[in-house]
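Shown below: model00.pdb, with PDB, C-alpha atoms.
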```pdb
ATOM      1  CA  MET A 182      -2.991 -20.991  -8.257  1.00  0.00           C
ATOM      2  CA  ASN A 183      -3.618 -18.873 -11.344  1.00  0.00           C
ATOM      3  CA  GLY A 184      -1.928 -15.722 -10.132  1.00  0.00           C
ATOM      4  CA  LEU A 185      -2.282 -13.452  -7.125  1.00  0.00           C
ATOM      5  CA  THR A 186      -3.354 -10.373  -9.116  1.00  0.00           C
ATOM      6  CA  HIS A 187      -6.475 -10.293 -11.287  1.00  0.00           C
ATOM      7  CA  GLU A 188      -6.858  -6.951 -13.080  1.00  0.00           C
ATOM      8  CA  TYR A 189      -9.858  -6.045 -15.211  1.00  0.00           C
ATOM      9  CA  LYS A 190     -11.175  -3.082 -17.152  1.00  0.00           C
ATOM     10  CA  ALA A 191     -14.934  -2.535 -16.927  1.00  0.00           C
ATOM     11  CA  LEU A 192     -17.657   0.037 -17.453  1.00  0.00           C
ATOM     12  CA  SER A 193     -20.146   1.284 -14.883  1.00  0.00           C
ATOM     13  CA  GLY A 194     -23.062  -1.155 -14.711  1.00  0.00           C
ATOM     14  CA  GLU A 195     -21.056  -3.998 -16.254  1.00  0.00           C
ATOM     15  CA  THR A 196     -20.732  -7.505 -14.787  1.00  0.00           C
ATOM     16  CA  TYR A 197     -17.713  -9.742 -15.316  1.00  0.00           C
ATOM     17  CA  ARG A 198     -16.556 -13.082 -13.949  1.00  0.00           C
ATOM     18  CA  GLY A 199     -13.301 -14.725 -13.000  1.00  0.00           C
ATOM     19  CA  THR A 200     -11.875 -17.756 -11.252  1.00  0.00           C
ATOM     20  CA  VAL A 201      -9.285 -18.418  -8.586  1.00  0.00           C
ATOM     21  CA  GLU A 202      -7.610 -21.800  -9.038  1.00  0.00           C
ATOM     22  CA  VAL A 203      -6.426 -23.618  -5.907  1.00  0.00           C
ATOM     23  CA  GLN A 204      -4.959 -27.055  -5.309  1.00  0.00           C
ATOM     24  CA  ASN A 205      -4.375 -29.160  -2.227  1.00  0.00           C
ATOM     25  CA  ASN A 206      -0.762 -30.266  -2.612  1.00  0.00           C
ATOM     26  CA  SER A 207      -0.702 -32.197   0.648  1.00  0.00           C
ATOM     27  CA  ASP A 208      -1.310 -35.920   1.135  1.00  0.00           C
ATOM     28  CA  LYS A 209      -4.421 -35.463   3.267  1.00  0.00           C
ATOM     29  CA  ASP A 210      -7.788 -33.723   3.088  1.00  0.00           C
ATOM     30  CA  GLN A 211      -7.757 -29.969   3.659  1.00  0.00           C
ATOM     31  CA  TYR A 212     -10.589 -27.640   4.605  1.00  0.00           C
ATOM     32  CA  VAL A 213     -10.395 -24.198   3.028  1.00  0.00           C
ATOM     33  CA  LYS A 214     -12.259 -21.015   3.866  1.00  0.00           C
ATOM     34  CA  ILE A 215     -12.684 -18.194   1.363  1.00  0.00           C
ATOM     35  CA  TYR A 216     -13.399 -14.666   2.526  1.00  0.00           C
ATOM     36  CA  GLN A 217     -12.767 -11.023   1.620  1.00  0.00           C
ATOM     37  CA  LYS A 218     -10.686  -8.165   2.981  1.00  0.00           C
ATOM     38  CA  ASP A 219      -9.862  -4.621   2.007  1.00  0.00           C
ATOM     39  CA  TYR A 220      -6.167  -3.923   1.476  1.00  0.00           C
ATOM     40  CA  PHE A 221      -4.038  -0.852   2.091  1.00  0.00           C
ATOM     41  CA  PHE A 222      -0.292  -0.413   2.593  1.00  0.00           C
ATOM     42  CA  PHE A 223       2.353   2.230   3.178  1.00  0.00           C
ATOM     43  CA  HIS A 224       6.070   2.688   2.500  1.00  0.00           C
ATOM     44  CA  THR A 225       6.720   2.425   6.243  1.00  0.00           C
ATOM     45  CA  GLY A 226       5.842  -1.275   6.063  1.00  0.00           C
ATOM     46  CA  GLU A 227       2.387  -0.932   7.600  1.00  0.00           C
ATOM     47  CA  ILE A 228      -0.230  -3.170   5.948  1.00  0.00           C
ATOM     48  CA  LEU A 229      -3.956  -2.923   6.678  1.00  0.00           C
ATOM     49  CA  TYR A 230      -6.412  -5.767   6.111  1.00  0.00           C
ATOM     50  CA  ASN A 231      -9.665  -3.993   6.863  1.00  0.00           C
ATOM     51  CA  ASP A 232     -13.254  -5.183   6.795  1.00  0.00           C
ATOM     52  CA  PRO A 233     -14.496  -5.665   3.220  1.00  0.00           C
ATOM     53  CA  GLY A 234     -16.180  -2.586   1.808  1.00  0.00           C
ATOM     54  CA  SER A 235     -14.811  -0.204   4.450  1.00  0.00           C
ATOM     55  CA  SER A 236     -12.326   1.583   2.176  1.00  0.00           C
ATOM     56  CA  GLU A 237     -13.372   4.391  -0.151  1.00  0.00           C
ATOM     57  CA  ARG A 238     -12.007   2.554  -3.190  1.00  0.00           C
ATOM     58  CA  SER A 239     -13.044  -0.959  -2.195  1.00  0.00           C
ATOM     59  CA  ASN A 240     -14.797  -3.181  -4.733  1.00  0.00           C
ATOM     60  CA  ALA A 241     -15.460  -5.925  -2.160  1.00  0.00           C
ATOM     61  CA  ASN A 242     -19.207  -5.284  -2.079  1.00  0.00           C
ATOM     62  CA  TRP A 243     -19.334  -5.730  -5.848  1.00  0.00           C
ATOM     63  CA  ILE A 244     -18.007  -9.299  -5.603  1.00  0.00           C
ATOM     64  CA  THR A 245     -20.019 -12.496  -5.155  1.00  0.00           C
ATOM     65  CA  LEU A 246     -18.127 -15.711  -4.356  1.00  0.00           C
ATOM     66  CA  SER A 247     -19.229 -19.207  -5.364  1.00  0.00           C
ATOM     67  CA  ASN A 248     -17.730 -20.751  -2.219  1.00  0.00           C
ATOM     68  CA  ASN A 249     -17.056 -19.628   1.324  1.00  0.00           C
ATOM     69  CA  TYR A 250     -15.968 -22.943   2.800  1.00  0.00           C
ATOM     70  CA  THR A 251     -15.047 -26.224   1.173  1.00  0.00           C
ATOM     71  CA  LYS A 252     -13.074 -29.427   1.570  1.00  0.00           C
ATOM     72  CA  LEU A 253     -10.321 -30.473  -0.823  1.00  0.00           C
ATOM     73  CA  ALA A 254      -9.135 -34.048  -1.033  1.00  0.00           C
ATOM     74  CA  ALA A 255      -5.404 -34.725  -1.312  1.00  0.00           C
ATOM     75  CA  GLY A 256      -4.229 -33.482  -4.714  1.00  0.00           C
ATOM     76  CA  GLU A 257      -7.646 -32.068  -5.617  1.00  0.00           C
ATOM     77  CA  LYS A 258      -7.991 -28.854  -7.628  1.00  0.00           C
ATOM     78  CA  LEU A 259     -10.809 -26.344  -7.221  1.00  0.00           C
ATOM     79  CA  SER A 260     -11.972 -23.367  -9.278  1.00  0.00           C
ATOM     80  CA  ILE A 261     -13.477 -20.690  -7.060  1.00  0.00           C
ATOM     81  CA  GLN A 262     -15.792 -18.593  -9.202  1.00  0.00           C
ATOM     82  CA  TYR A 263     -16.376 -14.933  -8.524  1.00  0.00           C
ATOM     83  CA  GLU A 264     -18.663 -12.389 -10.144  1.00  0.00           C
ATOM     84  CA  VAL A 265     -18.053  -8.643 -10.060  1.00  0.00           C
ATOM     85  CA  THR A 266     -21.037  -6.349 -10.623  1.00  0.00           C
ATOM     86  CA  VAL A 267     -19.883  -2.765 -11.082  1.00  0.00           C
ATOM     87  CA  PRO A 268     -22.483  -0.258  -9.833  1.00  0.00           C
ATOM     88  CA  ASN A 269     -24.186   1.790 -12.512  1.00  0.00           C
ATOM     89  CA  SER A 270     -22.889   5.156 -11.347  1.00  0.00           C
ATOM     90  CA  ASP A 271     -21.300   8.081 -13.154  1.00  0.00           C
ATOM     91  CA  SER A 272     -19.317   8.905 -10.007  1.00  0.00           C
ATOM     92  CA  LEU A 273     -17.018   5.882 -10.383  1.00  0.00           C
ATOM     93  CA  ILE A 274     -13.584   6.854 -11.648  1.00  0.00           C
ATOM     94  CA  GLY A 275     -10.180   5.199 -11.618  1.00  0.00           C
ATOM     95  CA  SER A 276      -9.357   1.940  -9.820  1.00  0.00           C
ATOM     96  CA  TYR A 277     -11.105  -0.073  -7.106  1.00  0.00           C
ATOM     97  CA  TRP A 278      -9.688  -3.144  -5.401  1.00  0.00           C
ATOM     98  CA  SER A 279      -9.944  -5.692  -2.585  1.00  0.00           C
ATOM     99  CA  LEU A 280      -8.682  -9.153  -1.635  1.00  0.00           C
ATOM    100  CA  ILE A 281     -10.079 -12.657  -1.888  1.00  0.00           C
ATOM    101  CA  MET A 282      -8.436 -14.597   0.935  1.00  0.00           C
ATOM    102  CA  ILE A 283      -7.833 -18.348   0.620  1.00  0.00           C
ATOM    103  CA  GLU A 284      -6.991 -19.894   3.984  1.00  0.00           C
ATOM    104  CA  GLY A 285      -6.385 -23.471   5.020  1.00  0.00           C
ATOM    105  CA  VAL A 286      -8.211 -24.622   8.148  1.00  0.00           C
ATOM    106  CA  ASN A 287      -6.406 -27.190  10.266  1.00  0.00           C
ATOM    107  CA  ASP A 288      -8.173 -29.780  12.373  1.00  0.00           C
ATOM    108  CA  ILE A 289      -7.134 -29.686  16.005  1.00  0.00           C
ATOM    109  CA  ASP A 290      -5.403 -32.929  16.947  1.00  0.00           C
ATOM    110  CA  THR A 291      -6.391 -33.325  20.591  1.00  0.00           C
ATOM    111  CA  ASN A 292      -4.238 -36.451  20.894  1.00  0.00           C
ATOM    112  CA  ASN A 293      -1.070 -34.369  20.634  1.00  0.00           C
ATOM    113  CA  ILE A 294      -2.042 -31.765  23.214  1.00  0.00           C
ATOM    114  CA  THR A 295      -0.338 -32.575  26.512  1.00  0.00           C
ATOM    115  CA  GLY A 296      -1.032 -29.276  28.197  1.00  0.00           C
ATOM    116  CA  GLY A 297      -0.678 -25.582  27.553  1.00  0.00           C
ATOM    117  CA  ILE A 298      -1.296 -24.053  24.125  1.00  0.00           C
ATOM    118  CA  SER A 299      -1.088 -25.841  20.771  1.00  0.00           C
ATOM    119  CA  ILE A 300       0.206 -23.653  17.914  1.00  0.00           C
ATOM    120  CA  GLN A 301      -0.305 -24.632  14.272  1.00  0.00           C
ATOM    121  CA  SER A 302       0.828 -22.904  11.110  1.00  0.00           C
ATOM    122  CA  VAL A 303      -1.828 -21.835   8.596  1.00  0.00           C
ATOM    123  CA  MET A 304      -1.338 -21.285   4.870  1.00  0.00           C
ATOM    124  CA  ARG A 305      -3.067 -18.156   3.600  1.00  0.00           C
ATOM    125  CA  TYR A 306      -3.073 -16.547   0.156  1.00  0.00           C
ATOM    126  CA  ALA A 307      -4.370 -13.110  -0.816  1.00  0.00           C
ATOM    127  CA  VAL A 308      -5.639 -12.637  -4.377  1.00  0.00           C
ATOM    128  CA  GLN A 309      -5.905  -8.998  -5.439  1.00  0.00           C
ATOM    129  CA  ILE A 310      -9.015  -8.202  -7.490  1.00  0.00           C
ATOM    130  CA  ILE A 311      -8.635  -4.881  -9.330  1.00  0.00           C
ATOM    131  CA  THR A 312     -11.431  -3.167 -11.242  1.00  0.00           C
ATOM    132  CA  ASN A 313     -10.366  -0.280 -13.483  1.00  0.00           C
ATOM    133  CA  ILE A 314     -13.256   1.860 -14.680  1.00  0.00           C
ATOM    134  CA  ASN A 315     -12.470   1.871 -18.402  1.00  0.00           C
ATOM    135  CA  GLU A 316      -9.584   4.323 -19.012  1.00  0.00           C
ATOM    136  CA  SER A 317     -10.730   6.850 -16.404  1.00  0.00           C
ATOM    137  CA  GLY A 318      -8.745   8.212 -13.503  1.00  0.00           C
ATOM    138  CA  LEU A 319      -5.780  10.518 -12.983  1.00  0.00           C
ATOM    139  CA  ARG A 320      -2.390   8.786 -13.144  1.00  0.00           C
ATOM    140  CA  LYS A 321      -0.020  10.525 -10.751  1.00  0.00           C
ATOM    141  CA  LEU A 322       2.953   9.428  -8.645  1.00  0.00           C
ATOM    142  CA  GLU A 323       4.850  11.507  -6.095  1.00  0.00           C
ATOM    143  CA  PHE A 324       8.409  10.939  -4.879  1.00  0.00           C
ATOM    144  CA  ILE A 325       7.954  11.510  -1.144  1.00  0.00           C
ATOM    145  CA  ASN A 326      11.460  10.581   0.031  1.00  0.00           C
ATOM    146  CA  VAL A 327      14.770   9.731  -1.658  1.00  0.00           C
ATOM    147  CA  SER A 328      17.828   8.743   0.394  1.00  0.00           C
ATOM    148  CA  LEU A 329      21.283   7.443  -0.520  1.00  0.00           C
ATOM    149  CA  LEU A 330      22.168   4.729   2.006  1.00  0.00           C
ATOM    150  CA  ASN A 331      24.875   2.189   2.698  1.00  0.00           C
ATOM    151  CA  GLU A 332      24.007  -0.921   4.703  1.00  0.00           C
ATOM    152  CA  ASP A 333      26.182  -4.016   5.096  1.00  0.00           C
ATOM    153  CA  SER A 334      28.535  -2.705   2.370  1.00  0.00           C
ATOM    154  CA  THR A 335      25.627  -2.363  -0.079  1.00  0.00           C
ATOM    155  CA  LYS A 336      25.000   1.071  -1.576  1.00  0.00           C
ATOM    156  CA  PHE A 337      21.454   1.827  -2.652  1.00  0.00           C
ATOM    157  CA  LEU A 338      19.024   4.623  -3.292  1.00  0.00           C
ATOM    158  CA  GLN A 339      15.962   4.218  -1.092  1.00  0.00           C
ATOM    159  CA  VAL A 340      12.917   5.641  -2.847  1.00  0.00           C
ATOM    160  CA  ASP A 341       9.467   6.133  -1.341  1.00  0.00           C
ATOM    161  CA  ILE A 342       6.657   6.686  -3.842  1.00  0.00           C
ATOM    162  CA  LYS A 343       3.011   7.534  -3.234  1.00  0.00           C
ATOM    163  CA  ASN A 344       0.165   7.162  -5.699  1.00  0.00           C
ATOM    164  CA  THR A 345      -1.592  10.525  -5.450  1.00  0.00           C
ATOM    165  CA  GLY A 346      -3.845   9.817  -8.416  1.00  0.00           C
ATOM    166  CA  GLU A 347      -6.961   7.739  -8.983  1.00  0.00           C
ATOM    167  CA  ARG A 348      -5.582   4.833 -11.002  1.00  0.00           C
ATOM    168  CA  PHE A 349      -3.687   1.663 -10.052  1.00  0.00           C
ATOM    169  CA  MET A 350      -0.091   1.727 -11.300  1.00  0.00           C
ATOM    170  CA  SER A 351       2.891  -0.651 -11.264  1.00  0.00           C
ATOM    171  CA  PRO A 352       5.973   1.419 -12.099  1.00  0.00           C
ATOM    172  CA  VAL A 353       9.566   0.305 -12.501  1.00  0.00           C
ATOM    173  CA  LEU A 354      12.136   2.597 -10.906  1.00  0.00           C
ATOM    174  CA  LYS A 355      15.135   3.378 -13.104  1.00  0.00           C
ATOM    175  CA  LEU A 356      18.157   5.414 -12.073  1.00  0.00           C
ATOM    176  CA  GLU A 357      20.758   6.705 -14.542  1.00  0.00           C
ATOM    177  CA  LEU A 358      23.980   8.236 -13.232  1.00  0.00           C
ATOM    178  CA  PHE A 359      26.119  10.766 -15.134  1.00  0.00           C
ATOM    179  CA  ASP A 360      29.729  11.604 -14.281  1.00  0.00           C
ATOM    180  CA  SER A 361      31.320  15.074 -14.194  1.00  0.00           C
ATOM    181  CA  ILE A 362      31.653  15.266 -18.001  1.00  0.00           C
ATOM    182  CA  GLY A 363      28.148  13.996 -18.695  1.00  0.00           C
ATOM    183  CA  ASN A 364      28.933  10.397 -19.583  1.00  0.00           C
ATOM    184  CA  SER A 365      26.528   7.731 -18.391  1.00  0.00           C
ATOM    185  CA  ALA A 366      27.913   5.761 -15.448  1.00  0.00           C
ATOM    186  CA  GLY A 367      25.189   3.150 -15.610  1.00  0.00           C
ATOM    187  CA  ILE A 368      21.468   2.497 -15.466  1.00  0.00           C
ATOM    188  CA  PHE A 369      20.072   0.732 -12.411  1.00  0.00           C
ATOM    189  CA  GLU A 370      16.596  -0.674 -11.758  1.00  0.00           C
ATOM    190  CA  ALA A 371      14.503  -1.681  -8.763  1.00  0.00           C
ATOM    191  CA  VAL A 372      11.907  -4.421  -8.578  1.00  0.00           C
ATOM    192  CA  LYS A 373       8.505  -3.426  -9.981  1.00  0.00           C
ATOM    193  CA  ARG A 374       5.944  -2.706  -7.258  1.00  0.00           C
ATOM    194  CA  LYS A 375       2.191  -2.214  -7.334  1.00  0.00           C
ATOM    195  CA  VAL A 376       0.856   1.029  -5.897  1.00  0.00           C
ATOM    196  CA  TYR A 377      -2.845   1.786  -5.517  1.00  0.00           C
ATOM    197  CA  PRO A 378      -4.382   5.251  -5.099  1.00  0.00           C
ATOM    198  CA  GLY A 379      -3.524   6.529  -1.630  1.00  0.00           C
ATOM    199  CA  THR A 380      -0.936   3.826  -0.940  1.00  0.00           C
ATOM    200  CA  SER A 381       2.841   4.159  -0.943  1.00  0.00           C
ATOM    201  CA  THR A 382       5.807   1.854  -1.497  1.00  0.00           C
ATOM    202  CA  ARG A 383       9.501   1.734  -0.630  1.00  0.00           C
ATOM    203  CA  SER A 384      12.046   0.461  -3.153  1.00  0.00           C
ATOM    204  CA  ARG A 385      15.801  -0.017  -3.242  1.00  0.00           C
ATOM    205  CA  VAL A 386      17.866   0.776  -6.306  1.00  0.00           C
ATOM    206  CA  ILE A 387      21.180  -1.030  -5.783  1.00  0.00           C
ATOM    207  CA  ILE A 388      24.174   0.971  -7.070  1.00  0.00           C
ATOM    208  CA  ASP A 389      27.128  -1.183  -6.031  1.00  0.00           C
ATOM    209  CA  ASP A 390      30.347  -1.050  -8.086  1.00  0.00           C
ATOM    210  CA  VAL A 391      29.899   2.654  -8.868  1.00  0.00           C
ATOM    211  CA  PRO A 392      33.188   4.536  -8.263  1.00  0.00           C
ATOM    212  CA  PRO A 393      33.120   7.248  -5.579  1.00  0.00           C
ATOM    213  CA  GLY A 394      32.363  10.729  -6.828  1.00  0.00           C
ATOM    214  CA  LEU A 395      29.719  13.346  -7.466  1.00  0.00           C
ATOM    215  CA  TYR A 396      27.061  12.321  -9.974  1.00  0.00           C
ATOM    216  CA  GLN A 397      24.074  13.919 -11.581  1.00  0.00           C
ATOM    217  CA  ALA A 398      21.203  11.459 -11.666  1.00  0.00           C
ATOM    218  CA  LEU A 399      17.859  10.991 -13.351  1.00  0.00           C
ATOM    219  CA  LEU A 400      15.352   8.934 -11.370  1.00  0.00           C
ATOM    220  CA  ILE A 401      12.349   7.690 -13.346  1.00  0.00           C
ATOM    221  CA  ALA A 402       9.191   5.835 -12.356  1.00  0.00           C
ATOM    222  CA  ASP A 403       8.120   4.156 -15.600  1.00  0.00           C
ATOM    223  CA  ASN A 404       4.623   2.652 -15.689  1.00  0.00           C
ATOM    224  CA  GLY A 405       5.325   0.888 -18.978  1.00  0.00           C
ATOM    225  CA  ASP A 406       3.030   3.189 -20.943  1.00  0.00           C
ATOM    226  CA  GLU A 407       2.907   6.912 -21.628  1.00  0.00           C
ATOM    227  CA  TYR A 408       2.940   7.670 -17.896  1.00  0.00           C
ATOM    228  CA  VAL A 409       6.505   8.348 -16.771  1.00  0.00           C
ATOM    229  CA  PHE A 410       7.517  10.450 -13.755  1.00  0.00           C
ATOM    230  CA  GLY A 411      11.022  11.803 -13.231  1.00  0.00           C
ATOM    231  CA  LEU A 412      13.247  13.511 -10.700  1.00  0.00           C
ATOM    232  CA  ASN A 413      16.695  15.114 -11.129  1.00  0.00           C
ATOM    233  CA  LEU A 414      19.192  14.465  -8.336  1.00  0.00           C
ATOM    234  CA  SER A 415      22.779  15.151  -7.319  1.00  0.00           C
ATOM    235  CA  LEU A 416      24.349  12.161  -5.576  1.00  0.00           C
ATOM    236  CA  GLU A 417      27.714  12.032  -3.851  1.00  0.00           C
ATOM    237  CA  ILE A 418      28.865   8.430  -3.625  1.00  0.00           C
ATOM    238  CA  GLU A 419      31.532   7.910  -1.002  1.00  0.00           C
ATOM    239  CA  ASP A 420      34.095   5.151  -0.646  1.00  0.00           C
ATOM    240  CA  ASP A 421      33.243   2.345   1.779  1.00  0.00           C
TER     241      ASP A 421
END
```
For the file at hand, write its structure as structure tokens.
Amino acid sequence: MNGLTHEYKALSGETYRGTVEVQNNSDKDQYVKIYQKDYFFFHTGEILYNDPGSSERSNANWITLSNNYTKLAAGEKLSIQYEVTVPNSDSLIGSYWSLIMIEGVNDIDTNNITGGISIQSVMRYAVQIITNINESGLRKLEFINVSLLNEDSTKFLQVDIKNTGERFMSPVLKLELFDSIGNSAGIFEAVKRKVYPGTSTRSRVIIDDVPPGLYQALLIADNGDEYVFGLNLSLEIEDD
């Protein structure tokens, strides 16, 4: 596949096109269905795959797919075309998104059913289609919870972030610790995570190998541009 995130910048009233590349890597024919879902998630781990177009910031109804159901021969590649027509409206601001779902459909082998229920695994991929309305939209992140934890002898800062703005962001969390005389005791990073308006994420900043003590800390969510959000902390790291 050609990536699970397709991000575009567009103007109101504009139409743009893209493709989702898929390949059947098995040694037999595979039926594939293509459909849409809205997508929302929270730092608690809850993920919502709602009906397309039901979310306030969904762009699902703007998208037209070239295929909804197809058959791929063994080893065959397919380009699924999609067209996004942005409504001509001055009220559009910030980011809009939804999912194109690619799901394999298995034939039921009645010869192997001897009674009861037959369970088969299904491969499913979700491609995120993001439409940013030009440069519009407030960029704002909020630190909603920060906790210093120790699990299985691993020390980490658990950070929950919510996007309270109007624009899709993908910040990197960076934590710098300072000892009692102000010297840096290290810079630590978490894995970059996407966060859409109204959604929230949970990240872990691993801080193993830091000596016990009281530290002043600067926690930063860096979006890789001019949008950087920070929080000052005092952290007491205890011995295991």
Dump as JSON lines the rows for residues of range 253-272 of chain A within 10 Å of range 221-242 of chain A: closest atom pair and distance in Å with one decimal, only C-alpha atoms counted, ordered by chain and rising residue number.
```
{"residue": "A:Val265", "atom": "CA", "partner": "A:Asn240", "partner_atom": "CA", "distance": 8.3}
{"residue": "A:Thr266", "atom": "CA", "partner": "A:Asn242", "partner_atom": "CA", "distance": 8.8}
{"residue": "A:Val267", "atom": "CA", "partner": "A:Asn240", "partner_atom": "CA", "distance": 8.1}
{"residue": "A:Pro268", "atom": "CA", "partner": "A:Asn240", "partner_atom": "CA", "distance": 9.7}
```
Using the chain letters and numbering of this document, enumerate as a short mmCIF file (atom, residue, chain, number, x, y, z; two decimals) with C-alpha atoms, in the frame of the given file the residues selected by the PyMOL selection byres ((chain A and resi 325) around 6).
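Here's the written file result04.cif:
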```cif
data_model
loop_
_atom_site.label_atom_id
_atom_site.label_comp_id
_atom_site.auth_asym_id
_atom_site.auth_seq_id
_atom_site.Cartn_x
_atom_site.Cartn_y
_atom_site.Cartn_z
CA GLU A 323 4.85 11.51 -6.10
CA PHE A 324 8.41 10.94 -4.88
CA ASN A 326 11.46 10.58 0.03
CA ASP A 341 9.47 6.13 -1.34
CA ILE A 342 6.66 6.69 -3.84
#
```
Take the PyMOL selection byres ((chain A and resi 374) around 6), apply it to the structure above, and return the hits as a ChimeraX atom specification. /A:351,373,375
What is the CA of Val340 in chain A to CA of Leu400 in chain A distance in Å? 9.5 Å
Applying 10 Å and all atoms listed in the file, which residues near Ala255 in chain A remain after dropping the ones on its own chain fewer than 4 positions away? List them as a count of residues only. 8
